[in-house]
$ cat upload.cif   # mmCIF, C-alpha atoms and all ligand atoms
data_data
loop_
_atom_site.label_atom_id
_atom_site.label_comp_id
_atom_site.auth_asym_id
_atom_site.auth_seq_id
_atom_site.Cartn_x
_atom_site.Cartn_y
_atom_site.Cartn_z
CA ALA L 15 36.28 139.23 -20.78
CA LEU L 16 34.25 142.35 -20.00
CA ALA L 17 32.41 142.13 -23.29
CA LEU L 18 31.52 138.49 -22.66
CA LYS L 19 30.15 139.18 -19.18
CA LYS L 20 27.43 141.31 -20.71
CA ILE L 21 25.82 138.38 -22.50
CA PRO L 22 22.90 137.25 -20.35
CA GLY L 23 23.64 134.02 -18.48
CA LEU L 24 27.10 133.49 -19.92
CA GLN L 25 29.47 132.05 -17.33
CA ASN L 26 32.40 130.28 -18.95
CA PHE L 27 34.88 131.07 -21.67
CA TYR L 28 36.82 128.27 -23.39
CA TYR L 29 39.81 129.28 -25.48
CA PHE L 30 41.42 126.78 -27.86
CA ARG L 31 44.56 127.11 -29.96
CA GLU L 32 42.88 124.39 -32.02
CA VAL L 33 39.68 122.38 -31.78
CA ASP L 34 37.72 120.23 -34.22
CA SER L 35 34.63 122.44 -34.18
CA THR L 36 33.57 125.03 -31.60
CA ASN L 37 29.93 124.11 -32.26
CA ARG L 38 30.66 120.44 -31.52
CA PHE L 39 32.41 121.39 -28.26
CA ALA L 40 29.73 123.92 -27.27
CA LYS L 41 27.07 121.22 -27.31
CA GLU L 42 28.80 119.57 -24.36
CA VAL L 43 28.90 122.63 -22.12
CA GLU L 44 26.36 125.11 -20.82
CA ASN L 45 26.31 128.90 -20.54
CA SER L 46 29.59 129.23 -22.36
CA ALA L 47 31.43 130.92 -25.16
CA VAL L 48 33.83 128.63 -27.01
CA PHE L 49 36.56 130.34 -29.02
CA ALA L 50 39.19 128.76 -31.26
CA GLU L 51 42.15 130.13 -33.19
CA THR L 52 41.62 127.43 -35.79
CA GLN L 53 39.27 124.48 -36.37
CA SER L 54 40.35 121.18 -37.87
CA ALA L 55 36.78 120.22 -38.77
CA GLY L 56 34.80 123.46 -38.94
CA ARG L 57 31.20 122.86 -39.93
CA GLY L 58 28.94 124.85 -42.19
CA ARG L 59 25.24 124.52 -42.85
CA ILE L 60 23.80 121.43 -44.53
CA GLY L 61 26.79 119.22 -43.80
CA ARG L 62 29.31 121.52 -45.48
CA LYS L 63 32.82 122.22 -44.41
CA TRP L 64 33.80 125.62 -42.96
CA GLU L 65 37.34 126.65 -43.90
CA SER L 66 38.97 127.72 -40.64
CA GLN L 67 42.56 128.81 -41.19
CA ARG L 68 44.30 130.74 -38.40
CA GLY L 69 43.45 134.43 -38.35
CA GLY L 70 39.71 133.95 -38.59
CA LEU L 71 37.16 134.31 -35.80
CA TYR L 72 35.52 131.04 -34.78
CA VAL L 73 33.18 131.18 -31.82
CA SER L 74 30.14 129.34 -30.52
CA PHE L 75 27.79 130.45 -27.80
CA SER L 76 26.00 127.79 -25.80
CA LEU L 77 23.04 129.63 -24.37
CA ASN L 78 20.66 128.31 -21.76
CA ILE L 79 17.63 130.05 -23.03
CA SER L 80 15.04 127.36 -23.23
CA ILE L 81 12.92 128.09 -26.24
CA PRO L 82 10.69 126.06 -28.52
CA VAL L 83 12.60 124.68 -31.50
CA ASN L 84 10.46 126.68 -33.92
CA GLU L 85 11.95 129.90 -32.54
CA ILE L 86 15.47 128.98 -33.54
CA PRO L 87 15.21 130.57 -37.01
CA LYS L 88 14.49 133.85 -35.22
CA LEU L 89 17.64 133.61 -33.12
CA THR L 90 19.58 132.85 -36.28
CA LEU L 91 18.30 136.08 -37.81
CA LEU L 92 19.20 137.87 -34.58
CA ALA L 93 22.76 136.52 -34.81
CA GLY L 94 22.91 137.75 -38.41
CA VAL L 95 21.97 141.24 -37.22
CA ALA L 96 24.73 141.07 -34.58
CA VAL L 97 27.33 140.13 -37.20
CA ALA L 98 26.13 142.66 -39.79
CA LYS L 99 26.20 145.46 -37.19
CA THR L 100 29.70 144.40 -36.19
CA LEU L 101 30.78 144.68 -39.83
CA GLU L 102 28.66 147.70 -40.72
CA ASP L 103 31.74 149.90 -41.34
CA TYR L 104 32.64 147.48 -44.15
CA GLU L 105 29.19 147.74 -45.71
CA ALA L 106 28.31 144.16 -44.90
CA ARG L 107 24.83 142.98 -45.89
CA ILE L 108 22.82 139.94 -44.82
CA LYS L 109 21.63 137.52 -47.46
CA TRP L 110 18.64 135.63 -46.12
CA PRO L 111 18.66 133.75 -43.88
CA ASN L 112 22.05 134.68 -42.47
CA ASP L 113 25.01 134.76 -44.78
CA VAL L 114 26.87 138.01 -44.32
CA LEU L 115 28.37 139.37 -47.53
CA ILE L 116 30.70 142.18 -48.54
CA ASN L 117 30.72 143.01 -52.25
CA ASP L 118 28.65 139.87 -52.85
CA LYS L 119 31.30 137.67 -51.26
CA LYS L 120 30.74 135.73 -48.07
CA VAL L 121 32.58 137.11 -45.05
CA SER L 122 30.65 135.29 -42.32
CA GLY L 123 28.43 132.31 -41.76
CA ILE L 124 26.23 131.30 -38.84
CA LEU L 125 25.33 127.77 -37.81
CA SER L 126 22.60 127.51 -35.17
CA GLU L 127 21.98 124.14 -33.63
CA PHE L 128 19.97 122.99 -30.67
CA VAL L 129 20.27 120.41 -27.96
CA GLY L 130 17.37 119.15 -25.91
CA GLU L 131 13.65 118.79 -26.14
CA GLU L 132 11.31 120.05 -28.81
CA LEU L 133 9.78 122.63 -26.46
CA SER L 134 12.82 123.65 -24.44
CA ALA L 135 15.89 123.64 -26.61
CA ARG L 136 19.29 124.96 -25.59
CA VAL L 137 20.76 126.99 -28.39
CA ILE L 138 24.22 126.72 -29.91
CA MET L 139 25.02 129.77 -31.99
CA GLY L 140 28.16 129.26 -34.06
CA ILE L 141 29.68 132.22 -35.86
CA GLY L 142 32.61 132.24 -38.26
CA ILE L 143 34.04 135.52 -39.58
CA ASN L 144 36.89 135.76 -42.08
CA VAL L 145 39.08 138.39 -40.44
CA LYS L 146 42.77 137.89 -41.28
CA ASN L 147 42.62 134.26 -42.42
CA LYS L 148 43.70 133.15 -45.84
CA ILE L 149 40.85 132.18 -48.17
CA PRO L 150 41.68 128.89 -49.92
CA GLY L 151 41.99 129.12 -53.69
CA HIS L 152 38.77 127.29 -54.56
CA LEU L 153 36.74 129.89 -52.59
CA ARG L 154 38.49 133.07 -53.81
CA ASP L 155 35.59 134.26 -55.96
CA LYS L 156 32.92 133.41 -53.33
CA ALA L 157 34.56 134.41 -50.05
CA ILE L 158 36.36 137.45 -48.65
CA SER L 159 38.48 138.21 -45.58
CA LEU L 160 38.29 141.59 -43.83
CA LYS L 161 42.06 142.07 -44.22
CA GLU L 162 41.48 142.45 -47.96
CA ILE L 163 39.69 145.74 -47.28
CA ASP L 164 41.29 146.74 -43.97
CA GLU L 165 44.90 145.77 -43.34
CA SER L 166 44.79 146.85 -39.71
CA VAL L 167 41.66 144.88 -38.72
CA SER L 168 41.97 143.08 -35.37
CA ILE L 169 40.26 139.87 -34.27
CA THR L 170 39.98 141.13 -30.71
CA ASP L 171 38.18 144.30 -31.81
CA ILE L 172 35.79 142.35 -33.99
CA PHE L 173 35.15 139.84 -31.21
CA VAL L 174 34.45 142.54 -28.60
CA ARG L 175 32.07 144.33 -30.96
CA LEU L 176 30.32 141.07 -31.80
CA CYS L 177 29.80 140.23 -28.10
CA THR L 178 28.54 143.74 -27.37
CA ASN L 179 26.05 143.62 -30.24
CA LEU L 180 24.93 140.11 -29.42
CA SER L 181 24.34 140.93 -25.76
CA GLU L 182 22.44 144.08 -26.64
CA LEU L 183 20.19 142.13 -29.03
CA MET L 184 19.68 139.19 -26.65
CA LYS L 185 18.48 141.57 -23.95
CA ARG L 186 15.88 142.92 -26.35
CA TYR L 187 14.68 139.41 -27.29
CA PRO L 188 11.81 138.53 -27.39
CA SER L 189 10.17 141.75 -26.15
CA GLU L 190 11.51 143.92 -28.98
CA TRP L 191 11.49 141.30 -31.71
CA LYS L 192 9.71 143.62 -34.16
CA SER L 193 12.39 146.25 -33.98
CA ILE L 194 15.13 143.59 -34.30
CA LEU L 195 13.44 142.40 -37.50
CA GLY L 196 13.38 146.02 -38.65
CA GLU L 197 17.15 146.13 -38.21
CA TRP L 198 17.46 142.86 -40.09
CA LYS L 199 15.61 144.42 -43.01
CA ARG L 200 17.78 147.52 -42.89
CA LEU L 201 20.96 145.42 -42.95
CA SER L 202 19.79 142.86 -45.49
CA SER L 203 20.19 142.98 -49.25
CA THR L 204 17.53 140.33 -49.91
CA ILE L 205 14.23 142.24 -49.88
CA GLY L 206 13.41 143.53 -53.36
CA LYS L 207 15.72 141.08 -55.09
CA HIS L 208 14.85 138.37 -57.59
CA VAL L 209 15.66 135.12 -55.85
CA VAL L 210 15.61 131.39 -56.20
CA ILE L 211 15.12 129.64 -52.87
CA GLU L 212 15.85 125.96 -52.47
CA ALA L 213 13.94 124.58 -49.52
CA GLY L 214 12.76 121.10 -48.67
CA GLY L 215 13.54 119.74 -52.14
CA ARG L 216 11.56 122.53 -53.83
CA LYS L 217 12.60 125.62 -55.73
CA TYR L 218 10.80 128.91 -55.33
CA ARG L 219 11.48 131.61 -57.91
CA GLY L 220 10.30 135.18 -57.59
CA MET L 221 10.77 138.50 -55.85
CA ALA L 222 11.61 138.54 -52.13
CA ILE L 223 9.08 141.04 -50.81
CA ASP L 224 9.19 140.84 -47.03
CA ILE L 225 10.10 138.91 -43.93
CA ASP L 226 7.28 138.04 -41.57
CA LEU L 227 7.19 138.00 -37.78
CA ASP L 228 8.35 134.41 -37.41
CA GLY L 229 11.34 135.06 -39.65
CA GLY L 230 9.93 133.45 -42.78
CA LEU L 231 10.83 135.03 -46.12
CA ILE L 232 7.86 136.01 -48.29
CA VAL L 233 8.49 135.43 -51.97
CA ARG L 234 6.10 136.60 -54.67
CA THR L 235 6.09 133.73 -57.14
CA GLU L 236 3.95 133.12 -60.20
CA HIS L 237 1.71 130.99 -57.95
CA GLY L 238 1.21 133.78 -55.42
CA ASN L 239 3.03 134.62 -52.22
CA GLU L 240 4.92 131.80 -50.53
CA LYS L 241 6.45 131.89 -47.06
CA ILE L 242 9.71 130.03 -46.55
CA ILE L 243 11.11 129.40 -43.07
CA SER L 244 14.53 128.10 -43.99
CA GLY L 245 16.48 127.29 -47.11
CA GLU L 246 19.23 128.37 -49.45
CA CYS L 247 18.89 131.68 -51.22
CA PHE L 248 20.39 132.61 -54.59
CA TYR L 249 20.13 136.02 -56.21
CA THR L 250 19.18 136.06 -59.90
CA SER L 251 18.81 138.85 -62.41
CA TYR L 252 15.24 138.20 -63.46
P1 LIG L 301 29.06 120.61 -52.18
O1 LIG L 301 27.78 121.26 -51.73
O2 LIG L 301 28.93 119.81 -53.42
O3 LIG L 301 29.78 119.87 -51.11
P2 LIG L 301 30.38 123.10 -51.82
O4 LIG L 301 31.62 123.73 -52.41
O5 LIG L 301 29.17 123.97 -51.71
O6 LIG L 301 30.02 121.81 -52.66
P3 LIG L 301 31.76 122.51 -49.34
O7 LIG L 301 33.14 122.62 -49.93
O8 LIG L 301 31.49 121.39 -48.39
O9 LIG L 301 30.65 122.42 -50.44
O10 LIG L 301 31.36 123.83 -48.61
C1 LIG L 301 31.85 125.02 -49.01
C2 LIG L 301 30.76 126.05 -48.90
O11 LIG L 301 30.92 126.83 -47.74
C3 LIG L 301 30.80 126.95 -50.02
O12 LIG L 301 29.49 127.39 -50.30
C4 LIG L 301 31.65 128.09 -49.52
O13 LIG L 301 31.22 129.27 -50.13
C5 LIG L 301 31.40 128.10 -48.04
N1 LIG L 301 32.55 128.35 -47.15
C6 LIG L 301 33.30 127.44 -46.48
N2 LIG L 301 34.23 128.02 -45.70
C7 LIG L 301 34.07 129.35 -45.89
C8 LIG L 301 34.72 130.50 -45.35
N3 LIG L 301 35.71 130.44 -44.48
N4 LIG L 301 34.26 131.69 -45.77
C9 LIG L 301 33.25 131.81 -46.65
N5 LIG L 301 32.60 130.78 -47.18
C10 LIG L 301 33.00 129.55 -46.81
C1 LIG L 302 27.53 128.47 -42.95
O1 LIG L 302 27.43 129.57 -43.51
O2 LIG L 302 27.47 127.40 -43.58
C2 LIG L 302 27.73 128.43 -41.46
C3 LIG L 302 29.18 128.50 -41.06
C4 LIG L 302 29.38 128.50 -39.55
C5 LIG L 302 30.83 128.45 -39.16
C6 LIG L 302 31.03 128.60 -37.68
S1 LIG L 302 32.75 128.79 -37.23
C7 LIG L 302 32.35 128.59 -35.54
C8 LIG L 302 31.31 127.50 -35.47
N1 LIG L 302 31.91 126.18 -35.41
C9 LIG L 302 31.65 125.44 -36.49
O3 LIG L 302 32.06 124.28 -36.69
N2 LIG L 302 30.85 126.15 -37.33
C10 LIG L 302 30.53 127.45 -36.81
#

$ encode --input "upload.cif" --output "structure tokens"
Amino acid sequence: ALALKKIPGLQNFYYFREVDSTNRFAKEVENSAVFAETQSAGRGRIGRKWESQRGGLYVSFSLNISIPVNEIPKLTLLAGVAVAKTLEDYEARIKWPNDVLINDKKVSGILSEFVGEELSARVIMGIGINVKNKIPGHLRDKAISLKEIDESVSITDIFVRLCTNLSELMKRYPSEWKSILGEWKRLSSTIGKHVVIEAGGRKYRGMAIDIDLDGGLIVRTEHGNEKIISGECFYTSY
């Protein structure tokens, strides 16, 4: 409770033994954190399913910071920094835009959504972290749970650290955005890698060389530098 109070503007805490999706619920409430032990219909990006067995951390923050919709990618990067800092002891790295990986396997995903008007959106920040949950067989080679590297890991500890990091970063936003982006770069494994980005029905192939101030990834392709605001990123060897 103490950790939650530090997040600017946060007033309510909803705790579910089970819910369909904390993001879905969070859209209906304001200034709240929504926590669930398990989700029956956890959602991932681009209409995917998020496996949400008991033992994982599933939380959504409904934040009344009215911002223009085009700033949401920045808050998504900020959330990625909060998660990566929380898992820094486990050598977690962010893959652009905001998958958090350990040993190239996904340990956390972030789904940011917004409710409201184009110029004053309320932000829903949904975070899933595999802590002690079982990874279903079909994801074994793509996903990892923290318990596989730390038997004594605790959801409460991870949650408190996440809230502390998130509140610290939110207080620095937007005034210290540049230094937050610096932390993103430090915690990311994407810059300097050969990537293929799928965005808006196109594929961009090249070297990820930087991230610019609005959170777009700069990729050096054979056609020159391209800036990509959101998409799917794959690492390749050439
Ligand atoms: P398609 O895109 O054709 O539906 P898919 O396997 O990518 O195939 P889903 O099964 O809907 O689609 O979504 C699973 C995706 O989400 C995979 O990319 C998987 O890596 C990821 N995923 C889902 N739950 C978790 C989880 N708990 N931890 C890590 N990754 C997860
Ligand atoms: C992704 O990588 O595709 C994003 C996954 C986001 C999962 C979290 S779990 C808590 C919140 N509620 C949901 O239904 N999804 C997000």

$ closest_residue --input "upload.cif" --among "L:Gly142, L:Pro22, L:Gly130, L:Gly220" --to "ligand LIG 301 (chain L)" --atoms "all atoms listed in the file"
L:Gly142

$ closest_atom_pairs --input "upload.cif" --of "chain L" --to "ligand LIG 301 (chain L)" --cutoff "9 Å" --atoms "all atoms listed in the file" --output "tab-separated table"
residue	atom	partner	partner_atom	distance
L:Gly56	CA	L:LIG301	N2	8.2
L:Arg57	CA	L:LIG301	C6	8.3
L:Gly58	CA	L:LIG301	O11	6.2
L:Arg59	CA	L:LIG301	O11	7.8
L:Ile60	CA	L:LIG301	O1	8.2
L:Gly61	CA	L:LIG301	O8	6.9
L:Arg62	CA	L:LIG301	O8	3.6
L:Lys63	CA	L:LIG301	O8	4.3
L:Trp64	CA	L:LIG301	N2	3.7
L:Glu65	CA	L:LIG301	N2	3.8
L:Ser66	CA	L:LIG301	N3	5.7
L:Gln67	CA	L:LIG301	N3	7.8
L:Gly70	CA	L:LIG301	N3	7.9
L:Asp113	CA	L:LIG301	N5	8.9
L:Lys119	CA	L:LIG301	C9	7.7
L:Lys120	CA	L:LIG301	C9	4.9
L:Val121	CA	L:LIG301	C9	5.6
L:Ser122	CA	L:LIG301	C9	6.1
L:Gly123	CA	L:LIG301	C9	6.9
L:Gly142	CA	L:LIG301	N3	7.2
L:Ile143	CA	L:LIG301	N3	7.3
L:Asn144	CA	L:LIG301	N3	6.0
L:Asn147	CA	L:LIG301	N3	8.2
L:Lys148	CA	L:LIG301	N3	8.5
L:Ile149	CA	L:LIG301	N3	6.6
L:Pro150	CA	L:LIG301	N3	8.2
L:His152	CA	L:LIG301	O4	8.3
L:Leu153	CA	L:LIG301	O13	6.1
L:Arg154	CA	L:LIG301	C9	9.0
L:Asp155	CA	L:LIG301	O13	8.8
L:Lys156	CA	L:LIG301	O13	5.5
L:Ala157	CA	L:LIG301	C9	4.5
L:Ile158	CA	L:LIG301	C9	6.7
L:Ser159	CA	L:LIG301	N4	7.8

$ closest_residue --input "upload.cif" --among "L:Gln25, L:Gln53, L:Asn45, L:Ser168" --to "ligand LIG 302 (chain L)" --atoms "all atoms listed in the file"
L:Gln53

$ axis_aligned_box --input "upload.cif" --around "ligand LIG 302 (chain L)" --padding-each-side "8 Å" --output "AutoDock Vina command-line options"
--center_x 30.1 --center_y 126.9 --center_z -39.5 --size_x 21.3 --size_y 21.3 --size_z 24.2

$ closest_residue --input "upload.cif" --among "L:Tyr72, L:Phe39, L:Phe173, L:Phe49" --to "ligand LIG 302 (chain L)" --atoms "all atoms listed in the file"
L:Tyr72

$ closest_residue --input "upload.cif" --among "L:Met139, L:Val83, L:Cys177, L:Val95" --to "ligand LIG 302 (chain L)" --atoms "all atoms listed in the file"
L:Met139

$ atom_distance --input "upload.cif" --atom1 "CA of Lys241 in chain L" --atom2 "CA of Ala135 in chain L"
24.0 Å

$ atom_distance --input "upload.cif" --atom1 "CA of Asp103 in chain L" --atom2 "CA of His208 in chain L"
26.1 Å

$ closest_residue --input "upload.cif" --among "L:Ser80, L:Asn112, L:Ser166, L:Asn179" --to "Cys247 in chain L" --atoms "only C-alpha atoms"
L:Asn112

$ residues_near_point --input "upload.cif" --point "(44.9, 127.8, -28.5)" --cutoff "10 Å" --atoms "all atoms listed in the file" --output "list in words"
Tyr28, Tyr29, Phe30, Arg31, Glu32, Val33, Phe49, Ala50, Glu51 and Thr52 of chain L

$ atom_distance --input "upload.cif" --atom1 "CA of Glu42 in chain L" --atom2 "CA of Ser76 in chain L"
8.8 Å

$ closest_residue --input "upload.cif" --among "L:Asn26, L:Ser244, L:Ser203, L:Ser189" --to "Gly215 in chain L" --atoms "all atoms listed in the file"
L:Ser244

$ residues_around --input "upload.cif" --residues "Lys217 in chain L" --least-positions-apart "5" --cutoff "12 Å" --atoms "all atoms listed in the file" --output "number ranges by chain"
L: 209-212, 233, 235, 240, 242, 245-248

$ residues_around --input "upload.cif" --residues "Val73 in chain L" --least-positions-apart "3" --cutoff "6 Å" --atoms "only C-alpha atoms" --output "short mmCIF file (atom, residue, chain, number, x, y, z; two decimals) with C-alpha atoms, in the coordinates of the input"
data_model
loop_
_atom_site.label_atom_id
_atom_site.label_comp_id
_atom_site.auth_asym_id
_atom_site.auth_seq_id
_atom_site.Cartn_x
_atom_site.Cartn_y
_atom_site.Cartn_z
CA VAL L 48 33.83 128.63 -27.01
CA PHE L 49 36.56 130.34 -29.02
CA GLY L 140 28.16 129.26 -34.06
CA ILE L 141 29.68 132.22 -35.86
#

$ residues_around --input "upload.cif" --residues "Asn37 in chain L" --least-positions-apart "4" --cutoff "7 Å" --atoms "all atoms listed in the file" --output "PDB file with C-alpha atoms, keeping the file's coordinate frame"
ATOM      1  CA  LYS L  41      27.070 121.220 -27.310  1.00  0.00           C
ATOM      2  CA  SER L  74      30.140 129.340 -30.520  1.00  0.00           C
ATOM      3  CA  ILE L 138      24.220 126.720 -29.910  1.00  0.00           C
ATOM      4  CA  GLY L 140      28.160 129.260 -34.060  1.00  0.00           C
TER       5      GLY L 140
END
